[in-house]
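Here's work_10.json, which has JSON, C-alpha atoms:
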[["chain", "number", "residue", "atom", "x", "y", "z"],
["A", 23, "MET", "CA", 0.00, 0.00, 0.00],
["A", 24, "THR", "CA", 1.22, 3.49, -0.84],
["A", 25, "THR", "CA", 0.04, 6.90, 0.37],
["A", 26, "THR", "CA", 0.50, 10.43, -0.93],
["A", 27, "THR", "CA", -0.17, 13.55, 1.17],
["A", 28, "ILE", "CA", -1.18, 16.83, -0.50],
["A", 29, "GLU", "CA", -1.16, 20.09, 1.47],
["A", 30, "LEU", "CA", -3.46, 23.01, 0.60],
["A", 31, "ASP", "CA", -2.24, 26.56, 1.06],
["A", 32, "LEU", "CA", -4.95, 27.74, 3.46],
["A", 33, "PHE", "CA", -4.80, 30.68, 5.89],
["A", 34, "GLN", "CA", -7.45, 31.14, 8.59],
["A", 35, "GLU", "CA", -9.72, 28.58, 6.92],
["A", 36, "ASN", "CA", -10.01, 24.81, 6.75],
["A", 37, "ILE", "CA", -11.30, 22.23, 4.29],
["A", 38, "LYS", "CA", -15.06, 21.77, 4.62],
["A", 39, "HIS", "CA", -15.42, 19.33, 1.72],
["A", 40, "LEU", "CA", -13.00, 17.85, -0.81],
["A", 41, "SER", "CA", -13.11, 15.34, -3.62],
["A", 42, "THR", "CA", -10.15, 14.11, -5.65],
["A", 43, "ASN", "CA", -9.17, 11.60, -8.28],
["A", 44, "GLU", "CA", -6.41, 9.06, -7.76],
["A", 45, "ILE", "CA", -3.63, 11.41, -8.91],
["A", 46, "GLY", "CA", -4.61, 14.38, -6.77],
["A", 47, "ASN", "CA", -6.70, 16.52, -9.11],
["A", 48, "PHE", "CA", -9.05, 17.93, -6.49],
["A", 49, "ILE", "CA", -11.84, 20.39, -5.83],
["A", 50, "ALA", "CA", -12.22, 21.70, -2.29],
["A", 51, "ILE", "CA", -14.78, 23.81, -0.44],
["A", 52, "THR", "CA", -13.30, 25.77, 2.44],
["A", 53, "SER", "CA", -14.88, 26.94, 5.67],
["A", 54, "ARG", "CA", -15.18, 30.38, 4.03],
["A", 55, "ASN", "CA", -17.10, 28.80, 1.10],
["A", 56, "ARG", "CA", -14.30, 29.38, -1.36],
["A", 57, "VAL", "CA", -13.95, 26.83, -4.16],
["A", 58, "ILE", "CA", -10.35, 25.76, -4.74],
["A", 59, "ILE", "CA", -9.54, 23.68, -7.82],
["A", 60, "SER", "CA", -6.13, 22.10, -8.32],
["A", 61, "GLY", "CA", -4.25, 23.87, -11.11],
["A", 62, "ALA", "CA", -6.51, 26.94, -11.04],
["A", 63, "GLU", "CA", -4.79, 30.19, -10.15],
["A", 64, "THR", "CA", -7.70, 31.91, -8.41],
["A", 65, "PRO", "CA", -10.30, 30.34, -6.08],
["A", 66, "LEU", "CA", -13.97, 30.89, -6.87],
["A", 67, "GLU", "CA", -16.05, 32.83, -4.38],
["A", 68, "PRO", "CA", -19.65, 32.19, -5.48],
["A", 69, "GLY", "CA", -21.17, 33.83, -2.39],
["A", 70, "VAL", "CA", -23.40, 30.87, -1.47],
["A", 71, "ASP", "CA", -23.15, 28.02, 1.02],
["A", 72, "ILE", "CA", -21.86, 24.92, -0.77],
["A", 73, "LEU", "CA", -22.37, 21.38, 0.49],
["A", 74, "MET", "CA", -20.15, 19.52, -1.98],
["A", 75, "ALA", "CA", -18.61, 19.79, -5.44],
["A", 76, "ARG", "CA", -17.24, 17.62, -8.23],
["A", 77, "ILE", "CA", -15.07, 18.26, -11.28],
["A", 78, "ILE", "CA", -17.03, 17.26, -14.41],
["A", 79, "ASP", "CA", -14.33, 17.94, -17.01],
["A", 80, "GLU", "CA", -11.75, 20.55, -18.00],
["A", 81, "GLU", "CA", -14.48, 23.17, -18.46],
["A", 82, "LYS", "CA", -17.28, 22.45, -15.98],
["A", 83, "ILE", "CA", -17.80, 21.68, -12.32],
["A", 84, "LEU", "CA", -20.84, 20.62, -10.30],
["A", 85, "ILE", "CA", -21.70, 22.32, -7.02],
["A", 86, "VAL", "CA", -24.45, 21.30, -4.59],
["A", 87, "LEU", "CA", -25.87, 24.10, -2.49],
["A", 88, "ASP", "CA", -26.28, 23.89, 1.28],
["A", 89, "ARG", "CA", -29.64, 25.25, 2.52],
["A", 90, "PRO", "CA", -30.82, 26.37, -0.95],
["A", 91, "THR", "CA", -33.70, 28.79, -1.36],
["A", 92, "SER", "CA", -35.42, 26.57, -3.95],
["A", 93, "ILE", "CA", -35.77, 22.89, -4.80],
["A", 94, "GLU", "CA", -33.14, 23.34, -7.52],
["A", 95, "ASN", "CA", -30.06, 22.83, -5.36],
["A", 96, "ALA", "CA", -27.37, 21.88, -7.92],
["A", 97, "LEU", "CA", -25.48, 24.05, -10.38],
["A", 98, "ILE", "CA", -23.22, 23.20, -13.28],
["A", 99, "ILE", "CA", -20.81, 26.10, -13.71],
["A", 100, "ASP", "CA", -17.58, 26.80, -15.54],
["A", 101, "TYR", "CA", -14.24, 27.56, -13.90],
["A", 102, "THR", "CA", -15.06, 31.28, -13.75],
["A", 103, "GLY", "CA", -18.35, 30.64, -11.95],
["A", 104, "LYS", "CA", -20.64, 31.18, -14.94],
["A", 105, "PRO", "CA", -23.75, 28.97, -14.52],
["A", 106, "PHE", "CA", -25.06, 26.67, -17.26],
["A", 107, "VAL", "CA", -27.66, 24.47, -15.58],
["A", 108, "LYS", "CA", -29.60, 24.51, -12.31],
["A", 109, "PHE", "CA", -31.53, 21.42, -11.20],
["A", 110, "ASN", "CA", -32.82, 19.33, -8.30],
["A", 111, "ILE", "CA", -30.19, 16.73, -7.36],
["A", 112, "GLY", "CA", -31.84, 15.64, -4.09],
["A", 113, "THR", "CA", -31.03, 16.37, -0.46],
["A", 114, "SER", "CA", -29.93, 13.14, 1.25],
["A", 115, "ILE", "CA", -26.82, 12.72, -0.90],
["A", 116, "ASN", "CA", -24.26, 10.10, 0.07],
["A", 117, "ASP", "CA", -21.85, 10.34, -2.87],
["A", 118, "ILE", "CA", -21.57, 11.70, -6.41],
["A", 119, "LYS", "CA", -19.59, 10.21, -9.30],
["A", 120, "ILE", "CA", -18.96, 11.62, -12.75],
["A", 121, "ASN", "CA", -18.93, 9.07, -15.56],
["A", 122, "GLY", "CA", -18.42, 10.71, -18.96],
["A", 123, "LYS", "CA", -21.45, 12.91, -19.54],
["A", 124, "LYS", "CA", -23.45, 11.38, -16.70],
["A", 125, "ILE", "CA", -23.76, 12.38, -13.04],
["A", 126, "ILE", "CA", -24.39, 9.47, -10.67],
["A", 127, "VAL", "CA", -25.80, 10.19, -7.22],
["A", 128, "SER", "CA", -26.31, 7.78, -4.31],
["A", 129, "TYR", "CA", -28.68, 8.57, -1.42],
["A", 130, "PHE", "CA", -28.98, 7.80, 2.29],
["A", 131, "ASP", "CA", -31.97, 5.95, 3.70],
["A", 132, "GLU", "CA", -33.71, 9.03, 5.11],
["A", 133, "GLY", "CA", -34.22, 10.36, 1.60],
["A", 134, "VAL", "CA", -35.16, 6.99, 0.15],
["A", 135, "LEU", "CA", -37.80, 6.37, 2.83],
["A", 136, "GLN", "CA", -39.20, 9.90, 2.58],
["A", 137, "GLY", "CA", -40.36, 8.99, -0.91],
["A", 138, "ASP", "CA", -39.53, 12.12, -2.90],
["A", 139, "LYS", "CA", -37.71, 12.07, -6.22],
["A", 140, "PRO", "CA", -34.86, 11.73, -6.90],
["A", 141, "ASP", "CA", -33.78, 10.53, -3.41],
["A", 142, "CYS", "CA", -36.31, 7.69, -3.30],
["A", 143, "ASP", "CA", -34.52, 5.95, -6.18],
["A", 144, "ALA", "CA", -31.49, 5.24, -3.89],
["A", 145, "LEU", "CA", -29.28, 5.73, -6.95],
["A", 146, "ALA", "CA", -30.04, 8.21, -9.73],
["A", 147, "VAL", "CA", -28.34, 9.09, -13.02],
["A", 148, "PHE", "CA", -28.54, 12.62, -14.48],
["A", 149, "ASN", "CA", -27.32, 13.99, -17.79],
["A", 150, "LEU", "CA", -25.42, 17.27, -18.05],
["A", 151, "ASN", "CA", -28.68, 19.12, -18.66],
["A", 152, "GLY", "CA", -29.75, 18.16, -15.13],
["A", 153, "LYS", "CA", -32.41, 15.70, -16.29],
["A", 154, "GLN", "CA", -32.77, 12.45, -14.35],
["A", 155, "VAL", "CA", -32.47, 9.63, -16.89],
["A", 156, "PHE", "CA", -32.39, 6.61, -14.55],
["A", 157, "GLY", "CA", -33.51, 5.67, -11.06],
["A", 158, "PHE", "CA", -32.62, 2.31, -9.55],
["A", 159, "ASN", "CA", -35.69, 1.76, -7.38],
["A", 160, "SER", "CA", -38.04, 3.04, -10.10],
["A", 161, "SER", "CA", -36.52, 0.56, -12.56],
["A", 162, "ASN", "CA", -36.16, -2.36, -10.17],
["A", 163, "LEU", "CA", -39.44, -2.80, -8.33],
["A", 164, "GLN", "CA", -38.77, -6.33, -7.05],
["A", 165, "ASP", "CA", -35.44, -5.85, -5.27],
["A", 166, "GLN", "CA", -35.06, -2.28, -4.08],
["A", 167, "LEU", "CA", -32.44, -0.46, -2.04],
["A", 168, "ILE", "CA", -33.27, 1.34, 1.18],
["A", 169, "ASP", "CA", -29.82, 2.93, 1.47],
["A", 170, "CYS", "CA", -27.13, 3.09, -1.23],
["A", 171, "TYR", "CA", -23.92, 2.64, 0.74],
["A", 172, "CYS", "CA", -21.34, 3.07, -2.00],
["A", 173, "VAL", "CA", -20.79, 3.56, -5.74],
["A", 174, "ALA", "CA", -17.73, 3.39, -8.00],
["A", 175, "ASN", "CA", -16.82, 3.92, -11.63],
["A", 176, "LEU", "CA", -15.99, 0.59, -13.22],
["A", 177, "GLY", "CA", -14.83, 1.82, -16.63],
["A", 178, "ASN", "CA", -16.31, 1.44, -20.12],
["A", 179, "GLY", "CA", -19.29, 3.58, -19.17],
["A", 180, "LYS", "CA", -20.26, 1.37, -16.22],
["A", 181, "ILE", "CA", -20.59, 1.78, -12.48],
["A", 182, "VAL", "CA", -20.98, -0.61, -9.56],
["A", 183, "PHE", "CA", -22.93, 0.03, -6.36],
["A", 184, "ASN", "CA", -24.64, -1.70, -3.46],
["A", 185, "GLY", "CA", -26.35, -1.02, -0.16],
["A", 186, "TYR", "CA", -28.95, -2.03, 2.37],
["A", 187, "GLY", "CA", -32.03, -3.94, 1.28],
["A", 188, "ASN", "CA", -30.28, -5.55, -1.67],
["A", 189, "PHE", "CA", -26.79, -6.69, -0.75],
["A", 190, "SER", "CA", -25.86, -7.79, -4.26],
["A", 191, "LEU", "CA", -23.30, -5.75, -6.16],
["A", 192, "GLN", "CA", -25.11, -4.00, -9.01],
["A", 193, "GLU", "CA", -23.33, -3.24, -12.27],
["A", 194, "LEU", "CA", -25.02, -0.54, -14.35],
["A", 195, "ASP", "CA", -24.24, 0.58, -17.88],
["A", 196, "VAL", "CA", -24.97, 4.33, -17.72],
["A", 197, "SER", "CA", -25.69, 4.50, -21.46],
["A", 198, "THR", "CA", -28.04, 1.53, -21.92],
["A", 199, "PHE", "CA", -29.07, 1.24, -18.22],
["A", 200, "ASN", "CA", -28.61, -2.50, -18.40],
["A", 201, "LEU", "CA", -28.23, -4.00, -14.90],
["A", 202, "VAL", "CA", -26.22, -7.05, -13.86],
["A", 203, "SER", "CA", -26.19, -8.38, -10.28],
["A", 204, "TYR", "CA", -23.32, -10.20, -8.53],
["A", 205, "GLU", "CA", -23.40, -12.02, -5.22],
["A", 206, "ILE", "CA", -20.50, -10.68, -3.16],
["A", 207, "PRO", "CA", -18.55, -12.47, -0.40],
["A", 208, "SER", "CA", -20.19, -12.14, 3.01],
["A", 209, "VAL", "CA", -17.17, -10.31, 4.46],
["A", 210, "CYS", "CA", -17.73, -7.50, 1.91],
["A", 211, "ILE", "CA", -21.34, -6.86, 2.87],
["A", 212, "GLY", "CA", -22.03, -3.44, 4.34],
["A", 213, "ALA", "CA", -19.02, -1.70, 2.78],
["A", 214, "GLN", "CA", -19.29, 2.07, 3.10],
["A", 215, "SER", "CA", -16.72, 2.70, 0.35],
["A", 216, "VAL", "CA", -15.87, 0.95, -2.90],
["A", 217, "SER", "CA", -13.40, 1.63, -5.70],
["A", 218, "ALA", "CA", -12.67, -0.40, -8.83],
["A", 219, "LYS", "CA", -9.64, -1.06, -10.99],
["A", 220, "ALA", "CA", -10.16, -3.33, -13.99],
["A", 221, "ASP", "CA", -11.95, -6.41, -12.62],
["A", 222, "ASN", "CA", -10.86, -5.80, -9.03],
["A", 223, "ILE", "CA", -13.49, -4.33, -6.72],
["A", 224, "VAL", "CA", -11.98, -2.89, -3.54],
["A", 225, "PHE", "CA", -14.29, -2.64, -0.52],
["A", 226, "HIS", "CA", -13.61, -0.71, 2.69],
["A", 227, "SER", "CA", -15.37, -0.30, 6.04],
["A", 228, "THR", "CA", -17.65, -3.34, 5.93],
["A", 229, "TYR", "CA", -19.94, -4.60, 8.66],
["A", 230, "LYS", "CA", -17.27, -7.05, 9.87],
["A", 231, "ASP", "CA", -14.06, -5.10, 9.18],
["A", 232, "LYS", "CA", -13.81, -1.32, 9.52],
["A", 233, "THR", "CA", -10.17, -0.87, 8.46],
["A", 234, "SER", "CA", -9.04, -3.52, 5.95],
["A", 235, "PHE", "CA", -9.27, -3.18, 2.19],
["A", 236, "LEU", "CA", -10.95, -6.24, 0.70],
["A", 237, "VAL", "CA", -10.08, -6.91, -2.94],
["A", 238, "TRP", "CA", -12.56, -9.09, -4.81],
["A", 239, "ASN", "CA", -12.14, -10.05, -8.44],
["A", 240, "LEU", "CA", -15.45, -9.65, -10.21],
["A", 241, "HIS", "CA", -14.88, -12.60, -12.56],
["A", 242, "SER", "CA", -12.53, -15.06, -10.85],
["A", 243, "GLY", "CA", -14.11, -14.60, -7.42],
["A", 244, "GLU", "CA", -10.68, -14.42, -5.78],
["A", 245, "LEU", "CA", -10.69, -12.45, -2.51],
["A", 246, "SER", "CA", -7.73, -10.95, -0.69],
["A", 247, "GLN", "CA", -7.39, -8.76, 2.39],
["A", 248, "ILE", "CA", -5.03, -5.80, 2.77],
["A", 249, "SER", "CA", -4.68, -4.68, 6.38],
["A", 250, "SER", "CA", -4.66, -0.98, 7.21],
["A", 251, "GLU", "CA", -5.29, 1.44, 10.05],
["A", 252, "PHE", "CA", -7.50, 3.76, 7.99],
["A", 253, "LYS", "CA", -11.12, 4.20, 9.05],
["A", 254, "ASN", "CA", -13.93, 5.71, 6.95],
["A", 255, "ALA", "CA", -11.74, 6.14, 3.87],
["A", 256, "GLN", "CA", -13.56, 7.85, 1.01],
["A", 257, "PRO", "CA", -13.46, 6.24, -2.45],
["A", 258, "THR", "CA", -11.96, 7.72, -5.58],
["A", 259, "GLU", "CA", -10.91, 6.19, -8.90],
["A", 260, "ASN", "CA", -8.84, 3.15, -9.98],
["A", 261, "GLY", "CA", -8.87, 1.25, -6.71],
["A", 262, "CYS", "CA", -7.81, 4.27, -4.63],
["A", 263, "PHE", "CA", -9.25, 5.99, -1.57],
["A", 264, "TYR", "CA", -8.57, 9.20, 0.36],
["A", 265, "GLN", "CA", -8.96, 10.89, 3.73],
["A", 266, "VAL", "CA", -9.37, 14.61, 4.36],
["A", 267, "TYR", "CA", -7.88, 16.61, 7.21],
["A", 268, "LYS", "CA", -8.12, 20.30, 8.16],
["A", 269, "LYS", "CA", -5.65, 21.59, 5.58],
["A", 270, "SER", "CA", -4.54, 18.49, 3.68],
["A", 271, "PHE", "CA", -5.63, 15.15, 2.31],
["A", 272, "ILE", "CA", -4.01, 11.79, 1.78],
["A", 273, "ILE", "CA", -4.50, 9.49, -1.20],
["A", 274, "ILE", "CA", -4.40, 5.78, -0.38],
["A", 275, "ASN", "CA", -3.58, 3.16, -3.00],
["A", 276, "PRO", "CA", -4.04, -0.30, -1.43],
["A", 277, "LEU", "CA", -3.19, -2.07, -4.70],
["A", 278, "GLU", "CA", 0.27, -0.50, -5.10],
["A", 279, "PHE", "CA", 3.33, -1.76, -3.24]]
Kindly transcribe the structure held in the file into structure tokens.
Amino acid sequence: MTTTTIELDLFQENIKHLSTNEIGNFIAITSRNRVIISGAETPLEPGVDILMARIIDEEKILIVLDRPTSIENALIIDYTGKPFVKFNIGTSINDIKINGKKIIVSYFDEGVLQGDKPDCDALAVFNLNGKQVFGFNSSNLQDQLIDCYCVANLGNGKIVFNGYGNFSLQELDVSTFNLVSYEIPSVCIGAQSVSAKADNIVFHSTYKDKTSFLVWNLHSGELSQISSEFKNAQPTENGCFYQVYKKSFIIINPLEF
């Protein structure tokens, strides 16, 4: 396992929220609601409370508003802050992934059980116009999720996810919306984080093991355990995870030695 620590140049403010890819391209929201993007010379100061943000591509970012004044609580903006789209992304958000031109959102149980769209779908897919184009529970009436614990990009326009109520690993093609289910090893059930690299699905913080990384091969079924001391690691891309501190974050690669 290897780790990489990245320090942010912050003065009299801390990191409130941060997301990153496996090589450290990050977007951070500070305690002063500034938006800091790696490689950008000047932070954005949109003047609103921001809950979380994601980099979409080299031109656009997604921000989710905290305590919005309307139901439309998500904005797609450019790197200067110019808005393109405003839409309702839901309120009980667990995680957000960007997969090509799709935005994938997973939701906690309080939103699912409340019954309002899009949260009630447990996992929703939006296009870059802010239109919901897929909902898991709406499309899967027989075997629904109450809480979507974790989601990861698999590659080739696919994602994997699972959660409470349906403990199978779901593979979704975000273009065709074809679903494939896999029965996972019992030790992987309840994982709060998942990341994927090729056919290897890496689980972390399961019901039975809060610190180890469990590597399960989707096709061979081979399972291996990588011990660690990390708790509540957040998932990013290509089998990697990360943890955020007040003024820095650490990228964790359990598959690299």
A:Phe148, A:Phe183, A:Phe235, A:Phe263: which is nearest Phe109 in chain A, counting all atoms listed in the file?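 Comparing A:Phe148, A:Phe183, A:Phe235, A:Phe263 against Phe109 in chain A, the winner is A:Phe148.
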Which of these, A:Ile28, A:Ala75, A:Ile126, A:Cys170, has the shortest distance to Glu44 in chain A once you count all atoms listed in the file?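 Checking each of A:Ile28, A:Ala75, A:Ile126, A:Cys170 against Glu44 in chain A, counting all atoms listed in the file, the winner is A:Ile28.
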Please provide the set of residues having any atom within 10 Å of Asp141 in chain A, restricted to all atoms listed in the file, with same-chain residues fewer than 3 positions apart removed, written as an mmCIF file with C-alpha atoms, in the frame of the given file.
data_model
loop_
_atom_site.group_PDB
_atom_site.id
_atom_site.type_symbol
_atom_site.label_atom_id
_atom_site.label_comp_id
_atom_site.auth_asym_id
_atom_site.auth_seq_id
_atom_site.Cartn_x
_atom_site.Cartn_y
_atom_site.Cartn_z
ATOM 1 C CA ILE A 111 -30.190 16.730 -7.360
ATOM 2 C CA GLY A 112 -31.840 15.640 -4.090
ATOM 3 C CA THR A 113 -31.030 16.370 -0.460
ATOM 4 C CA SER A 114 -29.930 13.140 1.250
ATOM 5 C CA ILE A 115 -26.820 12.720 -0.900
ATOM 6 C CA VAL A 127 -25.800 10.190 -7.220
ATOM 7 C CA SER A 128 -26.310 7.780 -4.310
ATOM 8 C CA TYR A 129 -28.680 8.570 -1.420
ATOM 9 C CA PHE A 130 -28.980 7.800 2.290
ATOM 10 C CA ASP A 131 -31.970 5.950 3.700
ATOM 11 C CA GLU A 132 -33.710 9.030 5.110
ATOM 12 C CA GLY A 133 -34.220 10.360 1.600
ATOM 13 C CA VAL A 134 -35.160 6.990 0.150
ATOM 14 C CA LEU A 135 -37.800 6.370 2.830
ATOM 15 C CA GLN A 136 -39.200 9.900 2.580
ATOM 16 C CA GLY A 137 -40.360 8.990 -0.910
ATOM 17 C CA ASP A 138 -39.530 12.120 -2.900
ATOM 18 C CA ALA A 144 -31.490 5.240 -3.890
ATOM 19 C CA LEU A 145 -29.280 5.730 -6.950
ATOM 20 C CA ALA A 146 -30.040 8.210 -9.730
ATOM 21 C CA GLY A 157 -33.510 5.670 -11.060
ATOM 22 C CA ASN A 159 -35.690 1.760 -7.380
ATOM 23 C CA ASP A 169 -29.820 2.930 1.470
#
CA of Ile49 in chain A and CA of Ile77 in chain A, how far apart in Å?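 It comes out at 6.7 Å.
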Contact residues around Glu29 in chain A with only C-alpha atoms at 8 Å, ignoring same-chain residues under 5 positions, as a ChimeraX atom specification: /A:269-271
Store the residues picked out above, limited to C-alpha atoms, as a compact mmCIF listing (two decimals), keeping the file's coordinate frame.
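Printed below is result02.txt as written:
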# COMPACT_ATOMS: atom_id res chain seq x y z
CA LYS A 269 -5.65 21.59 5.58
CA SER A 270 -4.54 18.49 3.68
CA PHE A 271 -5.63 15.15 2.31
Grab all the atoms of range 198-216 of chain A that the file lists, wrap them in a box along x, y and z, add 3 Å per side, and give me centre plus edge lengths in Å (one decimal) as JSON.
{"center_x": -22.5, "center_y": -4.9, "center_z": -8.7, "size_x": 19.2, "size_y": 21.2, "size_z": 32.4}
Could you tell me how far CA of Ile37 in chain A lies from CA of Val86 in chain A, in Å and to one decimal?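 For CA of Ile37 in chain A relative to CA of Val86 in chain A, the distance reads 15.9 Å.
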